[in-house]
There are 2 protein chains.
Amino acid sequence: MREVAVIGTGMTKWGELWEKSLRTIFVETALLALKDAGVDKIDSMYVGSMSSGLFVGQEHIASLLADYLGQTPVPSARVETACASGGLAFKLGFMEVASGMSDVVLVSGIEKMTDVNGHEATFALGTAADQEYEGYHGITFPGLYALIAMAHMEKYGTTREQLAMVAVKNHKNGAKNPLAQFPFEITVDMVLNSVMVAKPVVKVVGMGHATDTIALSSRKDITWLEATYQAGKRAYEMAGKKPEDIDVIEVHDCFTIAEICVMEALGIVEKGKGGKAVEEGLTALEGKIPVNASGGLKSKGHPVGATGVAQIIEITKQLRGESGERQVENAKVGMTQNMGGSGGSAVVHIFEKE
Amino acid sequence: MREVAVIGTGMTKWGELWEKSLRTIFVETALLALKDAGVDKIDSMYVGSMSSGLFVGQEHIASLLADYLGQTPVPSARVETACASGGLAFKLGFMEVASGMSDVVLVSGIEKMTDVNGHEATFALGTAADQEYEGYHGITFPGLYALIAMAHMEKYGTTREQLAMVAVKNHKNGAKNPLAQFPFEITVDMVLNSVMVAKPVVKVVGMGHATDTIALSSRKDITWLEATYQAGKRAYEMAGKKPEDIDVIEVHDCFTIAEICVMEALGIVEKGKGGKAVEEGLTALEGKIPVNASGGLKSKGHPVGATGVAQIIEITKQLRGESGERQVENAKVGMTQNMGGSGGSAVVHIFEKE
């Protein structure tokens with residue numbers, strides 16, 4: 001397989017964005033990425049989106065967005081694994097370049113979730129769970145992750161305070177993430193890197209994608225995220241890396257318990273030790289392994305289809321040394337973990353600075 | 001890139017299937033394909049589905065179906081380009097094997113469309129058109145293709161009778177397609193092939209995927225399917241084939257005018273001559289280039305996400321000489337064309353018997 005690198009990124013400010021339509025948000029963001037990469041021609045594009053049908057009444061957005069970006073007849077595909085749709089889009093873009101079929105692929109994630117009312121949005125999000133075995137009984141995602149949290153607390157003594165510390169840490173990081181623009185401060189390691197004329201290339205060195213039962217009730221241990229473990233294992237093997245090689249990581253903290261379980265499944269901490277780790281500051285910005293320097297889903301936001309791609313943007317910027325106030329010092333190897341539903345899908349990528 | 005072949009197929013009877021759920025239909029069909037291929041282990045899977053969210057209130061079916069097939073933690077991705085979702089799924093499966101990332105990939109297409117009422121189904125299907133510029137003005141797909149038909153009639157003198165002949169031809173073919181099982185007759189060319197112990201391998205020799213404006217009003221000429229032309233061009237180039245090399249073809253006749261426009265865009269007939277061609281029997285089962293031997297979307301049915309994969313199953317069986325009453329004699333090279341919306345997405349594949 002050919003080597004693959006991230007050559008440019010674009011991200012616009014997340015929010016409810018009443019005044020913008022799905023196509024407008026996409027075009028603005030895609031143009032930033034094309035500009036950052038210094039290309040105006042692409043060979044193919046992928047769009048990760050969980051449910052444009054239920055959220056904005058528009059399927060077939062692959063064609064729509066290629067059209068509005070002025071890129072037809074370029075091939076364009078929409079892909080979906082619930083909240084892991086963005087990570088999936090990146091996987092397929094990676095594969096297309098790795099296979100030699102295309103040289104430049106535009107990967108994006110998008111979701112416009114507040115053009116519907118709260119009830120409709122809750123229903124749409126709930127379609128990522130097993131509708132027949134979970135949804136029809138009235139449970140939604142806060143309930144599913146609460147079950148995971150209660151089991152983790154029961155099994156490992158994880159405390160409510162530790163769950164809260166995940167949110168505190170991520171909000172502290174997120175406060176340093178302006179998102180709409182790129183307001184760099186001059187930091188020690190940026191000065192150290194200042195002799196470089198070109199941006200460092202961020203290579204994709206590992207990828208893993210796996211599934212687990214969609215319904216929580218079918219799992220042997222609901223505190224264990226098997227799909228994340230399997231995806232992580234494949235990504236580590238492909239990259240020839242171990243958990244201790246990772247300098248900075250973005251994980252899918254759709255709920256605070258999720259971040260704790262993910263750290264355990266990826267081997268960042270031992271099984272059952274995730275709560276303690278966050279309490280001791282291991283995963284803080286200045287900790288041994290900073291988790292969610294971007295602010296994570298908690299503070300940065302979580303437009304579901306967009307999340308996986310935004311994680312990769314964060315890691316790319318961290319490895320380039322472009323993260324200003326929230327820069328992790330000497331970050332050379334980064335990782336992203338994007339998850340669908342209550343963990344039924346997981347996509348993990350590992351990146352390395354050249 | 002590595003060579004890629006179709007090693008097994010499975011298809012169950014299409015219909016409203018009130019008594020079966022989405023997951024049941026999938027598992028039954030997937031097991032047929034695994035059995036036909038003689039494998040029980042897969043490396044990865046793709047599911048083409050246009051709108052499981054709007055049709056059955058279930059997104060994240062990639063994980064759900066991997067789970068119910070007993071294949072977790074195998075990576076599983078749902079992909080969508082409206083009615084071209086099945087073709088897209090095959091493209092990605094092709095790419096994954098071609099890249100060397102996986103050896104055995106299960107590609108599927110599925111749509112359960114009648115668990116909602118007629119109004120809801122019409123809305124769901126309409127989300128494949130441009131909701132802001134077409135849907136909100138009340139036009140649905142019959143109207144969009146009627147515009148294409150009227151323009152084709154005006155421009156090229158195509159008649160209503162010729163449009164009707166597309167449906168007559170496809171229904172005649174479809175009457176010979178039992179679908180639920182595989183009731184072979186002994187025909188001359190099956191006897192000619194009878195010394196073979198193994199099934200002939202059907203190789204994928206060409207692939208093209210392209211987009212066009214999603215809204216009909218943005219196109220220069222609404223009788224011309226640019227995405228289909230571009231996808232066809234790429235597939236012909238990759239395969240080193242020309243239209244006259246194709247022995248049998250399945251095209252996306254979501255409306256009769258669509259089949260006429262597709263034949264023109266793929267160079268099977270000259271621009272404007274599609275109506276005349278069907279009238280003269282060129283595309284009949286015994287014609288020079290049989291189009292939709294399966295009965296096409298018209299007679300076989302069109303559960304949108306499933307269509308593109310079913311086309312590939314039909315061509316695989318035609319090239320294997322397993323199509324019984326509707327077998328095209330001496331078919332060696334086959335083609336499929338799958339289309340989304342009013343032509344905003346198109347995926348074309350070319351197959352050859354080894």
# chains A, B, ... in the order shown; residues from 1 in each chain; ligands from 1
$ residues_around --residues "segment 75-90 of chain B" --least-positions-apart "5" --cutoff "6 Å" --atoms "only C-alpha atoms" --output "number ranges by chain"
A: 60, 78-80, 209-211; B: 44-50, 62, 107, 109, 128, 304-309, 338-340, 347
$ residues_around --residues "Trp18 of chain B" --least-positions-apart "6" --cutoff "12 Å" --atoms "only C-alpha atoms" --output "ChimeraX atom specification"
/B:24-25,112-116
$ select_by_dssp --residues "segment 95-265 of chain A" --states "alpha helix (DSSP H)" --output "MDAnalysis selection string"
chainID A and resid 95:98 118:126 141:156 160:174 188:192 226:239 256:265
$ residues_around --residues "Val6 of chain A" --least-positions-apart "3" --cutoff "8 Å" --atoms "only C-alpha atoms" --output "list of chain:residue names"
A:Thr9, A:Val201, A:Val202, A:Lys203, A:Val204, A:Thr316
$ closest_residue --among "B:Lys91, B:Arg160, B:His349, B:Arg326" --to "Asn177 of chain B" --atoms "only C-alpha atoms"
B:Arg326
$ closest_residue --among "A:Val39, A:Ala293, A:Leu32, A:Ala164" --to "Gln311 of chain A" --atoms "only C-alpha atoms"
A:Ala293
$ atom_distance --atom1 "atom CA of Gln58 of chain A" --atom2 "atom CA of Phe141 of chain B"
14.1 Å
$ atom_distance --atom1 "atom CA of Lys271 of chain B" --atom2 "atom CA of Gly295 of chain B"
23.8 Å
$ atom_distance --atom1 "atom CA of Gly232 of chain A" --atom2 "atom CA of Phe255 of chain A"
19.6 Å
$ closest_residue --among "B:Leu106, B:Ile268, B:Ala30, B:Ile61" --to "Ala129 of chain A" --atoms "only C-alpha atoms"
B:Ile61
$ select_by_dssp --residues "segment 121-261 of chain A" --states "strand (DSSP E or B)" --output "PyMOL selection string"
chain A and resi 202-211+248-250
$ write_last_selection --atoms "C-alpha atoms" --output "short mmCIF file (atom, residue, chain, number, x, y, z; two decimals), in the first residue's frame"
data_model
loop_
_atom_site.label_atom_id
_atom_site.label_comp_id
_atom_site.auth_asym_id
_atom_site.auth_seq_id
_atom_site.Cartn_x
_atom_site.Cartn_y
_atom_site.Cartn_z
CA VAL A 202 1.30 14.23 9.24
CA LYS A 203 1.30 10.63 8.05
CA VAL A 204 -1.39 8.05 8.69
CA VAL A 205 0.46 5.06 10.12
CA GLY A 206 -2.32 2.96 11.61
CA MET A 207 -6.00 2.27 11.08
CA GLY A 208 -8.49 -0.06 12.74
CA HIS A 209 -12.25 -0.39 12.35
CA ALA A 210 -14.42 -2.88 14.24
CA THR A 211 -17.94 -3.64 15.39
CA VAL A 248 -1.75 12.91 22.37
CA ILE A 249 -5.15 11.34 21.83
CA GLU A 250 -8.67 12.46 20.94
#
$ closest_residue --among "A:Ile7, A:Glu28, A:Ala310, A:Glu111" --to "Gly53 of chain A" --atoms "only C-alpha atoms"
A:Glu111
$ residues_around --residues "segment 283-288 of chain B" --least-positions-apart "3" --cutoff "10 Å" --atoms "only C-alpha atoms" --output "list in words"
Met165, Val166, Val168, Lys169, Asn170, Lys172, Asn173, Glu244, Ile246, Asp247, Val248, Ile249, Met263, Ile268, Val269, Gly274, Ala277, Val278, Glu279, Glu280, Val291, Asn292, Ala293, Ser294, Gly295, Arg326, Gln327, Val328 and Glu329 of chain B
$ residues_around --residues "Cys261 of chain B" --least-positions-apart "5" --cutoff "8 Å" --atoms "only C-alpha atoms" --output "compact mmCIF listing (two decimals) with N, CA and C atoms, in the first residue's frame"
# COMPACT_ATOMS: atom_id res chain seq x y z
N THR B 223 -31.84 15.93 -20.80
CA THR B 223 -31.95 14.60 -21.43
C THR B 223 -30.62 13.86 -21.39
N TRP B 224 -29.57 14.53 -20.91
CA TRP B 224 -28.22 13.94 -20.91
C TRP B 224 -27.78 13.63 -19.49
N LEU B 225 -27.40 12.38 -19.22
CA LEU B 225 -26.98 11.98 -17.87
C LEU B 225 -25.46 12.03 -17.77
N GLY B 274 -32.20 6.33 -28.33
CA GLY B 274 -32.61 5.31 -27.36
C GLY B 274 -34.02 4.80 -27.57
$ decode --residues "segment 45-92 of chain B" --atoms "N, CA and C atoms" --output "mmCIF file, in the first residue's frame"
data_model
loop_
_atom_site.group_PDB
_atom_site.id
_atom_site.type_symbol
_atom_site.label_atom_id
_atom_site.label_comp_id
_atom_site.auth_asym_id
_atom_site.auth_seq_id
_atom_site.Cartn_x
_atom_site.Cartn_y
_atom_site.Cartn_z
ATOM 1 N N MET B 45 -17.203 -5.713 5.827
ATOM 2 C CA MET B 45 -18.464 -5.691 5.100
ATOM 3 C C MET B 45 -18.966 -4.273 4.822
ATOM 4 N N TYR B 46 -19.708 -4.150 3.732
ATOM 5 C CA TYR B 46 -20.326 -2.883 3.339
ATOM 6 C C TYR B 46 -21.812 -3.104 3.135
ATOM 7 N N VAL B 47 -22.608 -2.146 3.582
ATOM 8 C CA VAL B 47 -24.052 -2.206 3.394
ATOM 9 C C VAL B 47 -24.484 -0.937 2.663
ATOM 10 N N GLY B 48 -25.075 -1.089 1.492
ATOM 11 C CA GLY B 48 -25.643 0.052 0.785
ATOM 12 C C GLY B 48 -27.093 0.209 1.211
ATOM 13 N N SER B 49 -27.451 1.384 1.707
ATOM 14 C CA SER B 49 -28.845 1.624 2.104
ATOM 15 C C SER B 49 -29.111 3.107 1.981
ATOM 16 N N MET B 50 -30.190 3.467 1.301
ATOM 17 C CA MET B 50 -30.462 4.885 1.087
ATOM 18 C C MET B 50 -30.933 5.580 2.351
ATOM 19 N N SER B 51 -31.946 5.030 2.999
ATOM 20 C CA SER B 51 -32.490 5.762 4.139
ATOM 21 C C SER B 51 -33.155 4.842 5.147
ATOM 22 N N SER B 52 -32.348 4.019 5.804
ATOM 23 C CA SER B 52 -32.926 3.178 6.854
ATOM 24 C C SER B 52 -33.486 4.051 7.973
ATOM 25 N N GLY B 53 -32.951 5.251 8.131
ATOM 26 C CA GLY B 53 -33.467 6.165 9.158
ATOM 27 C C GLY B 53 -34.909 6.545 8.899
ATOM 28 N N LEU B 54 -35.203 6.976 7.673
ATOM 29 C CA LEU B 54 -36.569 7.407 7.363
ATOM 30 C C LEU B 54 -37.506 6.228 7.104
ATOM 31 N N PHE B 55 -36.992 5.113 6.582
ATOM 32 C CA PHE B 55 -37.871 3.988 6.249
ATOM 33 C C PHE B 55 -38.188 3.082 7.446
ATOM 34 N N VAL B 56 -37.206 2.828 8.290
ATOM 35 C CA VAL B 56 -37.473 1.947 9.436
ATOM 36 C C VAL B 56 -36.986 2.512 10.766
ATOM 37 N N GLY B 57 -36.624 3.796 10.794
ATOM 38 C CA GLY B 57 -36.225 4.415 12.061
ATOM 39 C C GLY B 57 -34.975 3.805 12.666
ATOM 40 N N GLN B 58 -34.081 3.314 11.828
ATOM 41 C CA GLN B 58 -32.854 2.675 12.328
ATOM 42 C C GLN B 58 -31.663 3.128 11.502
ATOM 43 N N GLU B 59 -30.767 3.933 12.097
ATOM 44 C CA GLU B 59 -29.481 4.195 11.462
ATOM 45 C C GLU B 59 -28.509 3.202 12.086
ATOM 46 N N HIS B 60 -27.235 3.340 11.759
ATOM 47 C CA HIS B 60 -26.189 2.493 12.343
ATOM 48 C C HIS B 60 -26.411 1.021 11.998
ATOM 49 N N ILE B 61 -26.980 0.748 10.819
ATOM 50 C CA ILE B 61 -27.263 -0.638 10.455
ATOM 51 C C ILE B 61 -25.992 -1.419 10.129
ATOM 52 N N ALA B 62 -24.882 -0.725 9.882
ATOM 53 C CA ALA B 62 -23.621 -1.430 9.644
ATOM 54 C C ALA B 62 -23.281 -2.302 10.847
ATOM 55 N N SER B 63 -23.373 -1.705 12.015
ATOM 56 C CA SER B 63 -23.087 -2.441 13.242
ATOM 57 C C SER B 63 -24.183 -3.472 13.518
ATOM 58 N N LEU B 64 -25.440 -3.054 13.370
ATOM 59 C CA LEU B 64 -26.579 -3.944 13.630
ATOM 60 C C LEU B 64 -26.486 -5.225 12.808
ATOM 61 N N LEU B 65 -26.181 -5.083 11.513
ATOM 62 C CA LEU B 65 -26.200 -6.247 10.623
ATOM 63 C C LEU B 65 -24.970 -7.130 10.818
ATOM 64 N N ALA B 66 -23.828 -6.520 11.143
ATOM 65 C CA ALA B 66 -22.640 -7.321 11.483
ATOM 66 C C ALA B 66 -22.947 -8.159 12.723
ATOM 67 N N ASP B 67 -23.606 -7.522 13.682
ATOM 68 C CA ASP B 67 -24.003 -8.181 14.926
ATOM 69 C C ASP B 67 -24.928 -9.372 14.640
ATOM 70 N N TYR B 68 -25.993 -9.136 13.881
ATOM 71 C CA TYR B 68 -26.968 -10.210 13.653
ATOM 72 C C TYR B 68 -26.454 -11.307 12.728
ATOM 73 N N LEU B 69 -25.415 -10.996 11.955
ATOM 74 C CA LEU B 69 -24.804 -12.028 11.115
ATOM 75 C C LEU B 69 -23.740 -12.791 11.911
ATOM 76 N N GLY B 70 -23.533 -12.375 13.156
ATOM 77 C CA GLY B 70 -22.540 -13.048 13.996
ATOM 78 C C GLY B 70 -21.120 -12.739 13.559
ATOM 79 N N GLN B 71 -20.900 -11.582 12.992
ATOM 80 C CA GLN B 71 -19.589 -11.268 12.434
ATOM 81 C C GLN B 71 -18.820 -10.211 13.216
ATOM 82 N N THR B 72 -19.388 -9.657 14.284
ATOM 83 C CA THR B 72 -18.584 -8.705 15.057
ATOM 84 C C THR B 72 -17.350 -9.438 15.560
ATOM 85 N N PRO B 73 -16.151 -8.807 15.636
ATOM 86 C CA PRO B 73 -15.857 -7.385 15.458
ATOM 87 C C PRO B 73 -15.433 -6.969 14.047
ATOM 88 N N VAL B 74 -15.841 -7.702 13.041
ATOM 89 C CA VAL B 74 -15.446 -7.345 11.668
ATOM 90 C C VAL B 74 -15.867 -5.903 11.348
ATOM 91 N N PRO B 75 -14.989 -5.106 10.687
ATOM 92 C CA PRO B 75 -15.399 -3.742 10.340
ATOM 93 C C PRO B 75 -16.590 -3.752 9.384
ATOM 94 N N SER B 76 -17.507 -2.839 9.579
ATOM 95 C CA SER B 76 -18.731 -2.811 8.796
ATOM 96 C C SER B 76 -19.123 -1.363 8.540
ATOM 97 N N ALA B 77 -19.394 -1.029 7.280
ATOM 98 C CA ALA B 77 -19.695 0.363 6.921
ATOM 99 C C ALA B 77 -20.970 0.449 6.117
ATOM 100 N N ARG B 78 -21.840 1.393 6.449
ATOM 101 C CA ARG B 78 -23.014 1.669 5.632
ATOM 102 C C ARG B 78 -22.675 2.850 4.721
ATOM 103 N N VAL B 79 -23.041 2.728 3.457
ATOM 104 C CA VAL B 79 -22.717 3.778 2.498
ATOM 105 C C VAL B 79 -23.975 4.173 1.746
ATOM 106 N N GLU B 80 -24.005 5.432 1.283
ATOM 107 C CA GLU B 80 -25.231 5.937 0.671
ATOM 108 C C GLU B 80 -24.980 6.936 -0.434
ATOM 109 N N THR B 81 -25.520 6.690 -1.601
ATOM 110 C CA THR B 81 -25.681 7.712 -2.634
ATOM 111 C C THR B 81 -27.071 7.495 -3.220
ATOM 112 N N ALA B 82 -28.089 7.664 -2.391
ATOM 113 C CA ALA B 82 -29.500 7.468 -2.779
ATOM 114 C C ALA B 82 -29.667 6.087 -3.414
ATOM 115 N N CYS B 83 -30.313 6.021 -4.585
ATOM 116 C CA CYS B 83 -30.601 4.731 -5.218
ATOM 117 C C CYS B 83 -29.336 4.082 -5.765
ATOM 118 N N ALA B 84 -28.209 4.791 -5.743
ATOM 119 C CA ALA B 84 -26.943 4.212 -6.193
ATOM 120 C C ALA B 84 -26.138 3.689 -5.003
ATOM 121 N N SER B 85 -26.782 3.472 -3.885
ATOM 122 C CA SER B 85 -26.070 3.023 -2.680
ATOM 123 C C SER B 85 -25.496 1.617 -2.835
ATOM 124 N N GLY B 86 -26.222 0.731 -3.526
ATOM 125 C CA GLY B 86 -25.750 -0.638 -3.718
ATOM 126 C C GLY B 86 -24.494 -0.676 -4.579
ATOM 127 N N GLY B 87 -24.513 0.097 -5.651
ATOM 128 C CA GLY B 87 -23.345 0.168 -6.532
ATOM 129 C C GLY B 87 -22.149 0.739 -5.795
ATOM 130 N N LEU B 88 -22.414 1.735 -4.965
ATOM 131 C CA LEU B 88 -21.349 2.352 -4.176
ATOM 132 C C LEU B 88 -20.740 1.341 -3.204
ATOM 133 N N ALA B 89 -21.603 0.537 -2.582
ATOM 134 C CA ALA B 89 -21.112 -0.488 -1.642
ATOM 135 C C ALA B 89 -20.154 -1.428 -2.361
ATOM 136 N N PHE B 90 -20.527 -1.802 -3.583
ATOM 137 C CA PHE B 90 -19.663 -2.705 -4.346
ATOM 138 C C PHE B 90 -18.334 -2.032 -4.688
ATOM 139 N N LYS B 91 -18.385 -0.765 -5.076
ATOM 140 C CA LYS B 91 -17.166 -0.020 -5.395
ATOM 141 C C LYS B 91 -16.186 -0.067 -4.210
ATOM 142 N N LEU B 92 -16.713 0.173 -3.012
ATOM 143 C CA LEU B 92 -15.843 0.233 -1.840
ATOM 144 C C LEU B 92 -15.307 -1.148 -1.481
#
